[in-house]
Each structure stands twice: as C-alpha cells, then as structure tokens.
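**Q** This is the content of work.cif (mmCIF, C-alpha atoms):
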```cif
data_data
#
loop_
_atom_site.label_atom_id
_atom_site.label_comp_id
_atom_site.auth_asym_id
_atom_site.auth_seq_id
_atom_site.Cartn_x
_atom_site.Cartn_y
_atom_site.Cartn_z
CA MET A 685 6.70 -36.49 -66.12
CA CYS A 686 3.12 -35.37 -66.74
CA LEU A 687 1.30 -37.40 -69.39
CA ALA A 688 -0.91 -34.39 -70.21
CA PRO A 689 -4.26 -36.14 -69.80
CA CYS A 690 -6.05 -32.79 -69.86
CA PHE A 691 -5.71 -32.51 -73.62
CA ALA A 692 -5.55 -36.21 -74.51
CA GLY A 693 -1.76 -36.44 -74.39
CA CYS A 694 -2.10 -40.10 -73.45
CA THR A 695 -4.65 -42.86 -73.71
CA HIS A 696 -6.99 -43.68 -70.85
CA PRO A 697 -5.26 -47.04 -70.09
CA GLU A 698 -1.86 -45.30 -70.06
CA TYR A 699 -3.17 -42.71 -67.61
CA LEU A 700 -4.64 -45.37 -65.30
CA ALA A 701 -1.36 -47.30 -65.39
CA GLU A 702 0.56 -44.17 -64.37
CA VAL A 703 -1.91 -43.46 -61.56
CA ALA A 704 -1.47 -47.02 -60.27
CA ARG A 705 2.31 -46.63 -60.42
CA VAL A 706 2.19 -43.39 -58.41
CA GLN A 707 -0.18 -44.91 -55.85
CA ASN A 708 2.11 -47.93 -55.50
CA TYR A 709 5.05 -45.57 -54.95
CA LEU A 710 3.20 -43.84 -52.12
CA ASP A 711 1.84 -47.05 -50.60
CA THR A 712 5.30 -48.66 -50.47
CA ARG A 713 7.06 -45.48 -49.35
CA ALA A 714 9.10 -45.42 -52.60
CA ALA A 715 10.16 -49.07 -52.31
CA SER A 716 8.40 -50.14 -55.54
CA LEU A 717 10.12 -47.54 -57.73
CA VAL A 718 13.46 -47.97 -55.99
CA ALA A 719 13.34 -51.73 -56.62
CA GLN A 720 12.59 -51.11 -60.30
CA LEU A 721 15.47 -48.65 -60.68
CA GLU A 722 17.90 -50.89 -58.80
CA ALA A 723 17.00 -53.82 -61.08
CA GLU A 724 17.63 -51.64 -64.13
CA ARG A 725 20.91 -50.49 -62.61
CA GLU A 726 22.09 -54.08 -62.09
CA THR A 727 21.18 -54.95 -65.67
CA ALA A 728 23.10 -51.95 -66.96
CA SER A 729 26.15 -52.91 -64.88
CA GLU A 730 26.07 -56.47 -66.22
CA GLN A 731 25.99 -55.06 -69.74
CA LEU A 732 28.97 -52.79 -68.89
CA GLU A 733 26.84 -49.67 -69.37
CA PHE A 734 28.40 -47.95 -66.39
CA GLU A 735 27.30 -44.41 -67.23
CA ARG A 736 23.67 -45.52 -67.44
CA ALA A 737 24.09 -47.53 -64.24
CA SER A 738 25.46 -44.45 -62.47
CA ALA A 739 22.54 -42.34 -63.71
CA LEU A 740 20.04 -44.96 -62.49
CA HIS A 741 21.77 -45.05 -59.09
CA ALA A 742 21.49 -41.26 -58.80
CA ARG A 743 17.83 -41.45 -59.79
CA ALA A 744 17.15 -44.12 -57.16
CA GLU A 745 18.73 -41.92 -54.49
CA LYS A 746 16.60 -39.00 -55.66
CA VAL A 747 13.48 -41.15 -55.40
CA LYS A 748 14.36 -42.05 -51.79
CA ALA A 749 15.05 -38.43 -50.79
CA PRO A 750 11.43 -37.29 -50.14
CA TRP A 751 11.02 -40.08 -47.60
CA SER A 752 14.16 -39.35 -45.60
CA GLY A 753 13.16 -38.14 -42.15
CA VAL A 754 9.53 -39.22 -42.59
CA PRO A 755 8.44 -41.13 -39.45
CA GLU A 756 8.00 -44.85 -39.97
CA ILE A 757 4.40 -44.66 -38.83
CA VAL A 758 3.32 -42.41 -41.73
CA GLY A 759 1.31 -44.27 -44.36
CA ARG A 760 -2.15 -45.37 -45.41
CA LEU A 761 -4.29 -46.02 -42.35
CA GLU A 762 -5.86 -49.19 -43.75
CA GLN A 763 -2.37 -50.66 -44.29
CA LEU A 764 -0.90 -49.58 -40.96
CA ARG A 765 -0.29 -52.43 -38.52
CA ALA A 766 1.82 -52.18 -35.40
CA VAL A 767 2.70 -54.12 -32.27
CA ILE A 768 3.47 -52.25 -29.07
CA VAL A 769 5.46 -53.99 -26.34
CA GLN A 770 5.20 -52.70 -22.77
CA ARG A 771 6.02 -53.87 -19.26
CA SER A 772 3.30 -55.86 -17.55
CA ALA A 773 2.01 -55.84 -14.00
CA LEU A 774 2.33 -59.64 -14.04
CA GLU A 775 5.67 -61.09 -13.04
CA ASN A 776 7.78 -62.45 -15.92
CA HIS A 777 5.40 -61.06 -18.52
CA VAL A 778 5.20 -58.23 -21.02
CA ALA A 779 2.03 -56.76 -22.49
CA LEU A 780 1.45 -56.84 -26.26
CA PHE A 781 -0.90 -54.38 -27.94
CA GLU A 782 -1.77 -54.49 -31.63
CA PHE A 783 -2.82 -51.47 -33.67
CA ARG A 784 -4.85 -52.61 -36.66
CA ASP A 785 -7.68 -51.21 -38.76
CA GLY A 786 -7.32 -47.89 -36.97
CA ILE A 787 -7.97 -49.39 -33.52
CA LEU A 788 -5.73 -50.32 -30.61
CA HIS A 789 -6.44 -53.92 -29.54
CA GLY A 790 -5.31 -55.88 -26.51
CA PRO A 791 -3.32 -56.23 -24.42
CA VAL A 792 -2.37 -59.88 -24.33
CA GLN A 793 0.11 -61.08 -21.71
CA PHE A 794 3.27 -62.74 -23.06
CA GLU A 795 5.36 -64.86 -20.68
CA VAL A 796 9.13 -64.38 -20.93
CA GLN A 797 10.20 -66.92 -18.32
CA GLY A 798 11.20 -69.40 -21.03
CA MET A 799 13.45 -66.94 -22.84
CA GLN A 800 17.21 -66.59 -22.69
CA HIS A 801 17.96 -62.90 -23.00
CA PRO A 802 21.05 -61.82 -24.90
CA ASN A 803 24.09 -60.65 -23.00
CA PRO A 804 24.63 -57.02 -24.09
CA GLY A 805 28.32 -57.21 -23.21
CA ALA A 806 28.87 -60.24 -25.40
CA GLY A 807 27.24 -58.67 -28.42
CA SER A 808 24.93 -61.64 -28.87
CA THR A 809 21.41 -61.24 -30.25
CA SER A 810 20.48 -64.90 -29.86
CA LEU A 811 17.08 -65.51 -28.27
CA PHE A 812 15.57 -68.94 -27.93
CA ALA A 813 13.24 -70.91 -25.72
CA HIS A 814 14.49 -73.44 -23.19
CA PRO A 815 12.61 -76.38 -21.63
CA ARG A 816 11.65 -75.58 -18.07
CA VAL A 817 10.89 -79.07 -16.76
CA ALA A 818 13.51 -81.78 -16.37
CA GLU A 819 12.52 -85.11 -17.93
CA ALA A 820 13.51 -88.48 -16.49
CA LEU A 821 15.81 -90.60 -18.67
CA PRO A 822 14.94 -94.30 -19.11
CA LEU A 823 17.36 -96.83 -17.65
CA GLU A 824 19.43 -98.94 -20.02
CA ASN A 825 17.79 -102.26 -21.02
CA SER A 826 14.67 -101.26 -19.16
CA GLY A 827 12.58 -102.23 -22.13
CA THR A 828 10.84 -98.87 -22.21
CA LYS A 829 10.66 -97.08 -25.50
CA SER A 830 12.12 -93.63 -25.70
CA ILE A 831 9.59 -90.93 -26.37
CA ALA A 832 10.49 -88.42 -29.03
CA LYS A 833 10.85 -84.97 -27.55
CA PRO A 834 8.68 -82.29 -29.12
CA ARG A 835 10.62 -79.71 -31.04
CA PRO A 836 10.88 -76.45 -29.04
CA GLN A 837 8.60 -73.73 -30.35
CA THR A 838 10.46 -70.70 -31.63
CA LEU A 839 9.88 -67.37 -29.95
CA GLU A 840 8.70 -65.89 -33.24
CA ALA A 841 5.99 -68.57 -33.38
CA ARG A 842 5.05 -67.92 -29.75
CA VAL A 843 4.68 -64.19 -30.42
CA ALA A 844 2.56 -64.86 -33.52
CA GLU A 845 0.41 -67.27 -31.53
CA ALA A 846 -0.05 -64.77 -28.71
CA LEU A 847 -1.04 -62.00 -31.12
CA SER A 848 -3.54 -64.31 -32.81
CA THR A 849 -5.47 -64.53 -29.52
CA ILE A 850 -6.20 -60.80 -29.53
CA THR A 851 -9.82 -60.17 -30.39
CA LEU A 852 -10.14 -57.69 -33.27
CA GLU A 853 -13.21 -55.52 -32.95
CA LYS A 854 -14.76 -53.18 -35.47
CA PRO A 855 -14.44 -49.52 -34.48
CA GLN A 856 -17.49 -47.77 -33.16
CA ARG A 857 -18.45 -44.30 -34.28
CA GLY A 858 -15.75 -41.81 -33.28
CA GLU A 859 -13.60 -44.54 -31.73
CA MET A 860 -11.01 -44.56 -34.51
CA ALA A 861 -10.22 -40.87 -34.03
CA ASP A 862 -9.73 -41.41 -30.29
CA HIS A 863 -7.39 -44.36 -30.81
CA LEU A 864 -5.39 -42.52 -33.46
CA ALA A 865 -5.00 -39.54 -31.13
CA LEU A 866 -3.82 -41.85 -28.34
CA LEU A 867 -1.30 -43.60 -30.59
CA LYS A 868 -0.05 -40.30 -32.00
CA ARG A 869 0.43 -38.77 -28.55
CA TRP A 870 2.39 -41.82 -27.37
CA TYR A 871 4.43 -42.31 -30.55
CA TYR A 872 5.73 -38.74 -30.81
CA ARG A 873 6.75 -38.38 -27.17
CA SER A 874 10.48 -37.89 -26.64
CA THR A 875 10.41 -40.56 -23.92
CA LYS A 876 7.89 -43.34 -23.65
CA LYS A 877 7.49 -46.76 -22.12
CA GLY A 878 7.90 -49.74 -24.38
CA GLU A 879 8.67 -50.13 -28.07
CA ILE A 880 6.63 -50.16 -31.26
CA PHE A 881 7.12 -52.27 -34.38
CA ILE A 882 5.42 -51.08 -37.55
CA THR A 883 4.61 -52.65 -40.88
CA HIS A 884 2.75 -51.32 -43.91
CA SER A 885 2.82 -54.64 -45.76
CA GLY A 886 0.83 -56.72 -43.27
CA GLU A 887 3.83 -58.91 -42.37
CA LEU A 888 5.02 -58.30 -38.82
CA PRO A 889 8.79 -58.14 -38.08
CA LEU A 890 8.60 -61.00 -35.57
CA ARG A 891 12.35 -61.30 -35.02
CA ARG A 892 12.61 -57.60 -34.15
CA ILE A 893 9.58 -57.94 -31.87
CA VAL A 894 11.25 -60.80 -30.00
CA ARG A 895 14.35 -58.68 -29.40
CA GLY A 896 12.16 -55.77 -28.33
CA ILE A 897 10.36 -58.00 -25.82
CA SER A 898 13.70 -58.84 -24.24
CA ARG A 899 14.74 -55.17 -24.05
CA VAL A 900 11.42 -54.03 -22.58
CA PHE A 901 11.43 -56.83 -20.00
CA ARG A 902 14.94 -55.86 -18.88
CA GLY A 903 13.98 -52.18 -18.70
CA GLU A 904 16.07 -51.07 -21.66
CA SER A 905 15.23 -48.98 -24.71
CA GLU A 906 16.31 -49.72 -28.26
CA SER A 907 18.49 -46.63 -28.39
CA GLN A 908 20.43 -47.49 -25.22
CA ASN A 909 22.39 -50.37 -26.81
CA GLY A 910 22.30 -52.63 -23.79
CA GLN A 911 22.61 -50.02 -21.03
CA ASN A 912 20.11 -50.60 -18.26
CA LYS A 913 18.62 -47.14 -17.86
CA LYS A 914 15.13 -46.25 -16.68
CA THR A 915 13.39 -42.93 -17.24
CA ASP A 916 10.01 -41.52 -16.27
CA SER A 917 7.68 -41.68 -19.26
CA THR A 918 4.17 -42.41 -20.43
CA ASP A 919 2.76 -45.74 -21.57
CA VAL A 920 0.39 -46.26 -24.48
CA ASN A 921 -2.60 -45.96 -22.15
CA GLY A 922 -1.47 -42.47 -21.16
CA SER A 923 -0.61 -43.27 -17.53
CA GLN A 924 2.53 -41.83 -15.96
CA GLY A 925 5.33 -44.12 -14.77
#
```
Starting from the file, give its structure as structure tokens.

**A**
Amino acid sequence: MCLAPCFAGCTHPEYLAEVARVQNYLDTRAASLVAQLEAERETASEQLEFERASALHARAEKVKAPWSGVPEIVGRLEQLRAVIVQRSALENHVALFEFRDGILHGPVQFEVQGMQHPNPGAGSTSLFAHPRVAEALPLENSGTKSIAKPRPQTLEARVAEALSTITLEKPQRGEMADHLALLKRWYYRSTKKGEIFITHSGELPLRRIVRGISRVFRGESESQNGQNKKTDSTDVNGSQG
C-alpha cells in the first residue's frame, strides 16, 4: 500500500522505514516478508484464529509468487557469491572457482582422493574423509604411550579451507563486465560442465558443495540422480569439451 509521501501522507521516518522494508524484501528474494507473515500465521493458529491464519497463509503465497521461476542467480551484484565446481586436469582433483565482488576468482585444486562417494543405488548421501595411511599399533605392555589420533577434518571444513586460499583481487576497469558476461553465458547454457552453488547471504552451502564435488568428479550432473551420463558442453572458461 502506498503511504502517499507526495502529499505528506506519512512522516519522513515512516517513509524511510517502508523503503527499508521494501529493499529488504528485494535483497532477500521475499524471504524477509515471508518469514514475518509465517510468524504471524503461527501466532494466529495458536490463538485459534484460523480464518486470520488462512488469510496470512494466502498472503505469504502471494508474496512468493513474483519470485517463482526467477533464476537463483538473480540478485544484487554486491551480495552475489557463488562457487563453481568443475573437472580438473589433475588426477583425483576438481577445480573450484569462486565468483565474488563481480569477479571470477581461482581456480584452486581440491583433492578428492580422501573422499568416500555415495552409492547412488543405495540412496546414501553420506560423504566423509577417511585416513589414507595405516598407523602401527603399539604392542601390549611395551611401555609406549598411545598417541591420540587427530580428529578427521570434515569435508565441509576442507572445502572452506581450500576456498580461503583463493586470492581475491579488485576488479580492473571493464573487467567486471567481462566476468559477468562470461558467468552469464555459462550459467544460462542448456548443458554445461560442472555445477554452481549460489548464495546471496554470504554463507556458502558447504554441504551441497561437497555433494556437488562428488557428482562432478564422477561425471554426473545434479539433474541425473546418480546416472553416469556425459554430454558435450562448455566449461566456465568457455572451452568446448
């Protein structure tokens, strides 16, 4: 509803508050307003105001509607952060690119030799690191003290550590437009090499990235649901495969 600021239908603080609310709605892709409406709906249900709860539910669905079908990548450029996973020329590795501040950074090589990949037929999504070197066990009554084994590092932590090694550089003049064009051309292709994981909040979906690393390494795409199928496509650098 318009607050009619043109003819002083609201105070200046009220107008600024409404502007901030609209901007937050756009920045969060409707999530901020949906969360507010859903909280009001739950309160109404607890108070047995079911008609009001139903109206709030319908309003929340209406708020979500403009964003249905909008690509995940659409949002404010300064808030867009993405990780692209692609096959690597190195054995037992994948390449990780990071798109941040309007620039494509990387790649950094991520080793997958210490990963156990899920069995698609078993329906398991478990991924975890395994020790690769056997350790000698001390003999009984040998007098040697047992050494505490270090706790295995999670794959999410390994991915975060690998991404932290990527050097972030400030864009040069005209460079941002070139990188955006490259990302756009790759993202909107019907077939492409690798997978992309996007966030507009700054927090990367590390668990999803780990699963994507496994799929990319095995030559699968996210939409294939475990079927090992390879197609000719283009990688993020624009080269044909």

**Q** Contacts of stretch 713-728 of chain A at 7 Å or less, counting all atoms listed in the file, minus same-chain residues fewer than 4 places along, as JSON, numbers by chain?

**A** {"A": [708, 709, 732, 733, 734, 736, 737, 740, 741, 744, 747, 748, 751]}

**Q** With all atoms listed in the file as the atoms that count, which of A:Leu687, A:Val894, A:Ile880, A:Leu852 lies nearest to A:Phe794?

**A**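 Looking only at the distances to A:Phe794, the closest residue turns out to be A:Val894.
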
**Q** Out of A:Val778, A:Arg760, A:Thr838, A:Val796, which residue has the shortest atom-to-atom distance to A:Gly878 when counting all atoms listed in the file?

**A**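 Going through A:Val778, A:Arg760, A:Thr838, A:Val796 one by one, the smallest distance to A:Gly878 is for A:Val778.
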
**Q** Quick check, in Å to one decimal: how far apart do atom CA of A:Ser874 and atom CA of A:His789 lie?

**A**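 Interatomic distance, atom CA of A:Ser874 to atom CA of A:His789: 23.5 Å.
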
**Q** Between A:Glu762, A:Ser885, A:Gln797, A:Pro689, which residue has the minimum interatomic distance to A:Glu702, considering only C-alpha atoms?

**A**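 Closest residue, counting only C-alpha atoms: A:Pro689.
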
**Q** Rounded to one decimal, what separation in Å do you get between atom CA of A:Val900 and atom CA of A:Val843?

**A**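 One can read the atom CA of A:Val900 to atom CA of A:Val843 distance as 14.5 Å.
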
**Q** What is the atom CA of A:Ser848-atom CA of A:Ile757 distance in Å, reported with one decimal?

**A**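 Between atom CA of A:Ser848 and atom CA of A:Ile757 the gap works out to 22.0 Å.
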
**Q** Please enumerate the residues selected by the PyMOL selection byres ((chain A and resi 781) around 8) when evaluated against the supplied file, formatted as a ChimeraX atom specification.

**A** /A:767-769,779-780,782-783,788-792

**Q** Return the padded bounding box of stretch 865-877 of chain A as lines of an AutoDock Vina configuration file: axis-aligned, built from all atoms listed in the file, 8 Å added on each side, with centre and edge lengths in Å to one decimal.

**A**
```
center_x = 2.7
center_y = -42.3
center_z = -27.1
size_x = 31.5
size_y = 24.9
size_z = 25.9
```

**Q** So which one's closest to A:Ser772, A:Gln793, A:Gly693, A:Arg899, A:Pro750? Using all atoms listed in the file, please.

**A** A:Gln793

**Q** Let me know the residues the PyMOL selection byres ((chain A and resi 860) around 12) catches in the file above, as a list in words.

**A**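 What the PyMOL selection byres ((chain A and resi 860) around 12) grabs from the file is Leu761, Glu762, Phe783, Arg784, Asp785, Gly786, Ile787, Leu788, His789, Glu853, Lys854, Pro855, Gln856, Arg857, Gly858, Glu859, Ala861, Asp862, His863, Leu864, Ala865, Leu866 and Leu867 of chain A.
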
**Q** Keeping only C-alpha atoms, write those residues as an mmCIF file, in the coordinates of the input.

**A**
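The file below, selection07.cif, is the result:
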```cif
data_model
loop_
_atom_site.group_PDB
_atom_site.id
_atom_site.type_symbol
_atom_site.label_atom_id
_atom_site.label_comp_id
_atom_site.auth_asym_id
_atom_site.auth_seq_id
_atom_site.Cartn_x
_atom_site.Cartn_y
_atom_site.Cartn_z
ATOM 1 C CA LEU A 761 -4.290 -46.020 -42.350
ATOM 2 C CA GLU A 762 -5.860 -49.190 -43.750
ATOM 3 C CA PHE A 783 -2.820 -51.470 -33.670
ATOM 4 C CA ARG A 784 -4.850 -52.610 -36.660
ATOM 5 C CA ASP A 785 -7.680 -51.210 -38.760
ATOM 6 C CA GLY A 786 -7.320 -47.890 -36.970
ATOM 7 C CA ILE A 787 -7.970 -49.390 -33.520
ATOM 8 C CA LEU A 788 -5.730 -50.320 -30.610
ATOM 9 C CA HIS A 789 -6.440 -53.920 -29.540
ATOM 10 C CA GLU A 853 -13.210 -55.520 -32.950
ATOM 11 C CA LYS A 854 -14.760 -53.180 -35.470
ATOM 12 C CA PRO A 855 -14.440 -49.520 -34.480
ATOM 13 C CA GLN A 856 -17.490 -47.770 -33.160
ATOM 14 C CA ARG A 857 -18.450 -44.300 -34.280
ATOM 15 C CA GLY A 858 -15.750 -41.810 -33.280
ATOM 16 C CA GLU A 859 -13.600 -44.540 -31.730
ATOM 17 C CA ALA A 861 -10.220 -40.870 -34.030
ATOM 18 C CA ASP A 862 -9.730 -41.410 -30.290
ATOM 19 C CA HIS A 863 -7.390 -44.360 -30.810
ATOM 20 C CA LEU A 864 -5.390 -42.520 -33.460
ATOM 21 C CA ALA A 865 -5.000 -39.540 -31.130
ATOM 22 C CA LEU A 866 -3.820 -41.850 -28.340
ATOM 23 C CA LEU A 867 -1.300 -43.600 -30.590
#
```

**Q** From the set A:Ser738, A:Arg902, A:Leu847, A:Arg765, which residue has the shortest atom-to-atom contact distance to A:Gly886, counting all atoms listed in the file?

**A**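 Of A:Ser738, A:Arg902, A:Leu847, A:Arg765, the one nearest A:Gly886, counting all atoms listed in the file, is A:Arg765.
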
**Q** I'd like the neighbourhood of A:Gly759 as a ChimeraX atom specification, where a residue qualifies if any of its atoms comes within 10 Å (using all atoms listed in the file), though same-chain residues fewer than 3 positions away should be ignored.

**A** /A:710-713,754-756,762-764,883-884

**Q** Counting all atoms listed in the file, figure out which residue out of A:Leu839, A:Ala773, A:Cys686, A:Phe881 gets nearest to A:Val703.

**A** A:Cys686
